[in-house]
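Asks: Below you'll find structure.cif; it's mmCIF, C-alpha atoms.
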```
data_upload
loop_
_atom_site.group_PDB
_atom_site.id
_atom_site.type_symbol
_atom_site.label_atom_id
_atom_site.label_comp_id
_atom_site.auth_asym_id
_atom_site.auth_seq_id
_atom_site.Cartn_x
_atom_site.Cartn_y
_atom_site.Cartn_z
ATOM 1 C CA MET A 255 17.369 27.672 1.449
ATOM 2 C CA THR A 256 14.664 25.705 -0.295
ATOM 3 C CA SER A 257 11.135 25.163 0.862
ATOM 4 C CA ASP A 258 8.519 22.569 0.118
ATOM 5 C CA PRO A 259 5.455 24.389 -1.291
ATOM 6 C CA ASP A 260 3.118 21.540 -0.338
ATOM 7 C CA ARG A 261 4.346 21.683 3.271
ATOM 8 C CA SER A 262 3.967 25.490 3.319
ATOM 9 C CA ASN A 263 0.378 25.194 2.104
ATOM 10 C CA GLU A 264 -0.356 22.580 4.770
ATOM 11 C CA ASP A 265 1.011 24.867 7.475
ATOM 12 C CA LEU A 266 -0.922 27.845 6.125
ATOM 13 C CA LEU A 267 -4.200 25.914 6.095
ATOM 14 C CA ARG A 268 -3.563 24.048 9.365
ATOM 15 C CA HIS A 269 -6.277 26.040 11.144
ATOM 16 C CA LEU A 270 -8.263 28.633 9.242
ATOM 17 C CA LEU A 271 -10.430 31.176 11.064
ATOM 18 C CA VAL A 272 -13.328 32.254 8.864
ATOM 19 C CA PRO A 273 -15.519 35.201 9.891
ATOM 20 C CA VAL A 274 -19.070 35.279 8.514
ATOM 21 C CA ALA A 275 -21.788 37.906 8.869
ATOM 22 C CA THR A 276 -25.051 36.428 7.582
ATOM 23 C CA VAL A 277 -26.552 33.149 6.397
ATOM 24 C CA GLU A 278 -25.983 34.124 2.755
ATOM 25 C CA ASP A 279 -22.408 35.185 3.488
ATOM 26 C CA ALA A 280 -21.713 31.961 5.398
ATOM 27 C CA ARG A 281 -23.083 29.794 2.601
ATOM 28 C CA ALA A 282 -21.165 31.655 -0.137
ATOM 29 C CA THR A 283 -17.942 31.683 1.913
ATOM 30 C CA ALA A 284 -18.129 27.960 2.698
ATOM 31 C CA ARG A 285 -18.857 27.225 -0.960
ATOM 32 C CA ALA A 286 -15.720 29.205 -1.920
ATOM 33 C CA LEU A 287 -13.607 27.314 0.655
ATOM 34 C CA ALA A 288 -14.959 23.818 -0.043
ATOM 35 C CA PRO A 289 -12.527 22.983 -2.906
ATOM 36 C CA TYR A 290 -9.476 23.539 -0.673
ATOM 37 C CA ARG A 291 -7.914 20.910 1.592
ATOM 38 C CA LEU A 292 -8.462 22.546 4.949
ATOM 39 C CA GLN A 293 -7.236 20.703 8.018
ATOM 40 C CA ARG A 294 -9.256 22.595 10.623
ATOM 41 C CA VAL A 295 -11.760 25.431 10.289
ATOM 42 C CA THR A 296 -13.291 27.669 12.928
ATOM 43 C CA VAL A 297 -16.168 29.777 11.668
ATOM 44 C CA LEU A 298 -16.682 33.026 13.583
ATOM 45 C CA HIS A 299 -19.642 35.346 13.931
ATOM 46 C CA VAL A 300 -19.084 38.682 15.670
ATOM 47 C CA VAL A 301 -22.032 40.091 17.588
ATOM 48 C CA GLU A 302 -21.489 43.836 17.537
ATOM 49 C CA LYS A 303 -22.031 44.899 21.140
ATOM 50 C CA GLY A 304 -22.524 48.577 21.850
ATOM 51 C CA GLU A 305 -19.962 49.106 24.633
ATOM 52 C CA GLY A 306 -21.816 52.134 25.967
ATOM 53 C CA VAL A 307 -23.949 52.784 22.881
ATOM 54 C CA PRO A 308 -27.105 51.007 21.733
ATOM 55 C CA ASP A 309 -26.603 47.638 20.026
ATOM 56 C CA LYS A 310 -27.329 47.438 16.293
ATOM 57 C CA THR A 311 -29.634 44.460 16.905
ATOM 58 C CA PRO A 312 -30.789 42.731 20.088
ATOM 59 C CA VAL A 313 -28.236 40.165 21.282
ATOM 60 C CA GLU A 314 -30.770 37.322 21.036
ATOM 61 C CA GLN A 315 -31.435 38.182 17.388
ATOM 62 C CA SER A 316 -27.702 38.367 16.654
ATOM 63 C CA GLU A 317 -27.133 34.984 18.314
ATOM 64 C CA SER A 318 -29.937 33.511 16.213
ATOM 65 C CA ILE A 319 -28.276 34.880 13.062
ATOM 66 C CA ALA A 320 -25.008 33.301 14.213
ATOM 67 C CA ARG A 321 -26.626 29.868 14.688
ATOM 68 C CA GLU A 322 -28.265 30.039 11.257
ATOM 69 C CA ALA A 323 -24.982 31.172 9.670
ATOM 70 C CA PHE A 324 -23.111 28.262 11.290
ATOM 71 C CA ASP A 325 -25.720 25.810 9.972
ATOM 72 C CA ALA A 326 -25.401 27.274 6.464
ATOM 73 C CA PHE A 327 -21.588 27.061 6.632
ATOM 74 C CA ARG A 328 -21.757 23.413 7.704
ATOM 75 C CA GLU A 329 -23.758 22.545 4.586
ATOM 76 C CA PHE A 330 -20.381 22.678 2.795
ATOM 77 C CA ILE A 331 -17.849 22.187 5.618
ATOM 78 C CA PRO A 332 -19.608 19.977 8.190
ATOM 79 C CA GLU A 333 -16.626 19.592 10.529
ATOM 80 C CA ALA A 334 -16.238 23.346 11.119
ATOM 81 C CA GLU A 335 -15.960 24.467 14.719
ATOM 82 C CA GLU A 336 -17.864 27.573 15.761
ATOM 83 C CA LYS A 337 -17.102 30.635 17.802
ATOM 84 C CA VAL A 338 -19.149 33.715 18.678
ATOM 85 C CA ALA A 339 -17.403 36.908 19.779
ATOM 86 C CA TYR A 340 -19.070 39.932 21.384
ATOM 87 C CA ARG A 341 -17.358 43.185 20.574
ATOM 88 C CA ARG A 342 -18.046 46.523 18.933
ATOM 89 C CA ASP A 343 -14.822 46.401 16.915
ATOM 90 C CA VAL A 344 -15.396 43.564 14.423
ATOM 91 C CA VAL A 345 -11.818 43.485 13.121
ATOM 92 C CA GLY A 346 -10.451 43.572 16.662
ATOM 93 C CA ALA A 347 -12.709 40.642 17.552
ATOM 94 C CA ILE A 348 -11.486 38.632 14.550
ATOM 95 C CA LEU A 349 -7.850 39.262 15.472
ATOM 96 C CA ARG A 350 -8.431 38.379 19.126
ATOM 97 C CA VAL A 351 -10.207 35.113 18.278
ATOM 98 C CA ALA A 352 -7.484 34.203 15.757
ATOM 99 C CA GLU A 353 -4.994 34.453 18.599
ATOM 100 C CA GLU A 354 -7.234 32.565 21.065
ATOM 101 C CA VAL A 355 -7.756 29.584 18.742
ATOM 102 C CA ASP A 356 -4.172 29.695 17.405
ATOM 103 C CA ALA A 357 -5.344 30.070 13.814
ATOM 104 C CA SER A 358 -2.612 29.662 11.215
ATOM 105 C CA ALA A 359 -4.468 32.102 8.936
ATOM 106 C CA ILE A 360 -7.658 34.113 8.600
ATOM 107 C CA GLY A 361 -9.682 33.415 5.480
ATOM 108 C CA PHE A 362 -12.596 35.366 4.110
ATOM 109 C CA ARG A 363 -14.583 36.050 0.978
ATOM 110 C CA PRO A 364 -14.617 39.786 0.284
ATOM 111 C CA ARG A 365 -18.106 41.208 0.484
ATOM 112 C CA GLN A 366 -19.499 43.432 -2.207
ATOM 113 C CA ASN A 367 -20.282 46.880 -0.901
ATOM 114 C CA GLY A 368 -20.148 50.253 -2.498
ATOM 115 C CA ARG A 369 -17.545 52.975 -2.179
ATOM 116 C CA PHE A 370 -19.955 55.173 -0.194
ATOM 117 C CA LEU A 371 -20.635 52.427 2.363
ATOM 118 C CA ARG A 372 -16.885 51.759 2.731
ATOM 119 C CA PHE A 373 -16.356 55.505 3.274
ATOM 120 C CA LEU A 374 -18.986 55.589 6.035
ATOM 121 C CA THR A 375 -18.041 52.370 7.791
ATOM 122 C CA GLY A 376 -14.347 52.073 7.031
ATOM 123 C CA ASP A 377 -12.964 49.258 4.936
ATOM 124 C CA LYS A 378 -12.880 46.304 7.327
ATOM 125 C CA SER A 379 -11.149 44.082 4.766
ATOM 126 C CA LEU A 380 -8.273 46.528 4.396
ATOM 127 C CA ARG A 381 -7.970 46.945 8.140
ATOM 128 C CA LEU A 382 -8.010 43.169 8.651
ATOM 129 C CA VAL A 383 -5.254 42.632 6.084
ATOM 130 C CA THR A 384 -3.057 45.430 7.408
ATOM 131 C CA SER A 385 -3.565 44.742 11.138
ATOM 132 C CA ALA A 386 -3.302 40.953 11.311
ATOM 133 C CA ASP A 387 -0.300 39.228 12.835
ATOM 134 C CA ARG A 388 -0.871 36.156 10.664
ATOM 135 C CA PRO A 389 -1.639 35.567 6.984
ATOM 136 C CA VAL A 390 -5.012 36.736 5.704
ATOM 137 C CA LEU A 391 -6.378 34.876 2.687
ATOM 138 C CA ALA A 392 -9.080 36.304 0.443
ATOM 139 C CA PHE A 393 -10.957 33.529 -1.332
ATOM 140 C CA PRO A 394 -12.687 34.165 -4.644
ATOM 141 C CA GLY A 395 -16.268 35.308 -4.524
ATOM 142 C CA GLU A 396 -19.147 34.080 -6.605
ATOM 143 C CA SER A 397 -19.802 35.652 -9.962
ATOM 144 C CA ASP A 398 -23.055 37.464 -10.603
ATOM 145 C CA GLU A 399 -23.892 35.091 -13.460
#
```
Using structure tokens, write down the structure that the file contains.
Replies:
Amino acid sequence: MTSDPDRSNEDLLRHLLVPVATVEDARATARALAPYRLQRVTVLHVVEKGEGVPDKTPVEQSESIAREAFDAFREFIPEAEEKVAYRRDVVGAILRVAEEVDASAIGFRPRQNGRFLRFLTGDKSLRLVTSADRPVLAFPGESDE
């Protein structure tokens, strides 16, 4: 059986779901994605709702961060669709939205955080990669230069 690599790439990038956390993250992620031929992009911001415990930030503040992140993302990918999810489990929210929007893949730019922070919070990137039912693409980050 032979496959057409160009066709496989088209299918993989048919609809990319891209989670972003902050304005800076959205801008850097969109900049990393801009060189690729993406057919459809949905940018996602997850508002971490407490579900019985206090919220990390007020919902209004989180929604404002989401709007600003979407604007920053659109500086590089103006046709991106947007989605906000409300859930305590960020990875679970990403996976649920990927299913809802029928994303062909989930794409993200790994965030720099230290070993201690990953120990305390769990490694969301690892969990995303190992729990997803569709391809997860890690795009290169920006250098510190």
Asks: With a distance cut-off of 6 Å and only C-alpha atoms, select the neighbouring residues of A:Thr296, excluding the residue or stretch itself and same-chain residues fewer than 4 positions from it, and output the selection as number ranges by chain.
Replies: A: 271, 334-336
Asks: When you look at A:Asp279 with a cut-off of 10 Å (counting only C-alpha atoms), what residues show up, excluding the ones that are within fewer than 2 positions of it in the same chain? I need them as a PyMOL selection string.
Replies: chain A and resi 273-277+281-285+323+326-327+362-365
Asks: Decode the PyMOL selection byres ((chain A and resi 381) around 12) for the given file into explicit residues and return them as a ChimeraX atom specification.
Replies: /A:343-346,348-349,372,375-380,382-387,390
Asks: Kindly give the distance, in Å, that separates atom CA of A:Gln315 and atom CA of A:Ala347, rounded to a single decimal.
Replies: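 Interatomic distance here is 18.9 Å.
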Asks: Would you kindly identify which residues have an atom no farther than 12 Å from (-8.3, 19.7, 3.1), using only C-alpha atoms and the file's own coordinates, and write them out as a PDB file with C-alpha atoms, keeping the file's coordinate frame?
Replies:
```pdb
ATOM      1  CA  ASN A 263       0.378  25.194   2.104  1.00  0.00           C
ATOM      2  CA  GLU A 264      -0.356  22.580   4.770  1.00  0.00           C
ATOM      3  CA  ASP A 265       1.011  24.867   7.475  1.00  0.00           C
ATOM      4  CA  LEU A 266      -0.922  27.845   6.125  1.00  0.00           C
ATOM      5  CA  LEU A 267      -4.200  25.914   6.095  1.00  0.00           C
ATOM      6  CA  ARG A 268      -3.563  24.048   9.365  1.00  0.00           C
ATOM      7  CA  HIS A 269      -6.277  26.040  11.144  1.00  0.00           C
ATOM      8  CA  LEU A 270      -8.263  28.633   9.242  1.00  0.00           C
ATOM      9  CA  LEU A 287     -13.607  27.314   0.655  1.00  0.00           C
ATOM     10  CA  ALA A 288     -14.959  23.818  -0.043  1.00  0.00           C
ATOM     11  CA  PRO A 289     -12.527  22.983  -2.906  1.00  0.00           C
ATOM     12  CA  TYR A 290      -9.476  23.539  -0.673  1.00  0.00           C
ATOM     13  CA  ARG A 291      -7.914  20.910   1.592  1.00  0.00           C
ATOM     14  CA  LEU A 292      -8.462  22.546   4.949  1.00  0.00           C
ATOM     15  CA  GLN A 293      -7.236  20.703   8.018  1.00  0.00           C
ATOM     16  CA  ARG A 294      -9.256  22.595  10.623  1.00  0.00           C
ATOM     17  CA  VAL A 295     -11.760  25.431  10.289  1.00  0.00           C
ATOM     18  CA  ILE A 331     -17.849  22.187   5.618  1.00  0.00           C
ATOM     19  CA  GLU A 333     -16.626  19.592  10.529  1.00  0.00           C
ATOM     20  CA  ALA A 334     -16.238  23.346  11.119  1.00  0.00           C
TER      21      ALA A 334
END
```
Asks: Work out how far atom CA of A:Lys303 is from atom CA of A:Glu329, in Å to one decimal.
Replies: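 We find that atom CA of A:Glu329 and atom CA of A:Lys303 lie 27.9 Å from each other.
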Asks: Rank nothing, just name the residue among A:Ile360, A:Leu391, A:Val313, A:Val297 nearest to A:Asp325, using all atoms listed in the file.
Replies: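 Between A:Ile360, A:Leu391, A:Val313, A:Val297, the residue approaching A:Asp325 most closely is A:Val297.
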Asks: Mind checking which residues fall within 9 Å of A:Arg388, counting all atoms listed in the file, ignoring those fewer than 4 positions away in the same chain, and posting them as a PyMOL selection string?
Replies: chain A and resi 352+357-360
Asks: Which is closer to A:Gly361 than all the others in A:Ala280, A:Pro312, A:Val300, A:Phe393, using only C-alpha atoms?
Replies: A:Phe393
Asks: When you draw a straight line from atom CA of A:Val338 to atom CA of A:Glu322, how long is it in Å?
Replies: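 These atoms are spaced 12.3 Å apart.
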Asks: Would you kindly translate the PyMOL selection byres ((chain A and resi 339) around 8) into the concrete residues it picks from this file, as a list in words?
Replies: Leu298, His299, Val300, Val301, Lys337, Val338, Tyr340, Arg341, Ala347 and Val351 of chain A
Asks: Assuming 4 Å of padding per side, give the centre and edge lengths of the axis-aligned box around every listed atom of stretch 280-293 of chain A, in Å to one decimal and as lines of an AutoDock Vina configuration file.
Replies:
```
center_x = -15.2
center_y = 26.3
center_z = 2.6
size_x = 23.8
size_y = 19.3
size_z = 18.9
```
Asks: Select, from A:Pro394, A:Glu353, A:Glu302, A:Pro332, the residue with the minimum atom-to-atom distance to A:Ala320, counting all atoms listed in the file.
Replies: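 Looking only at the distances to A:Ala320, the closest residue turns out to be A:Glu302.
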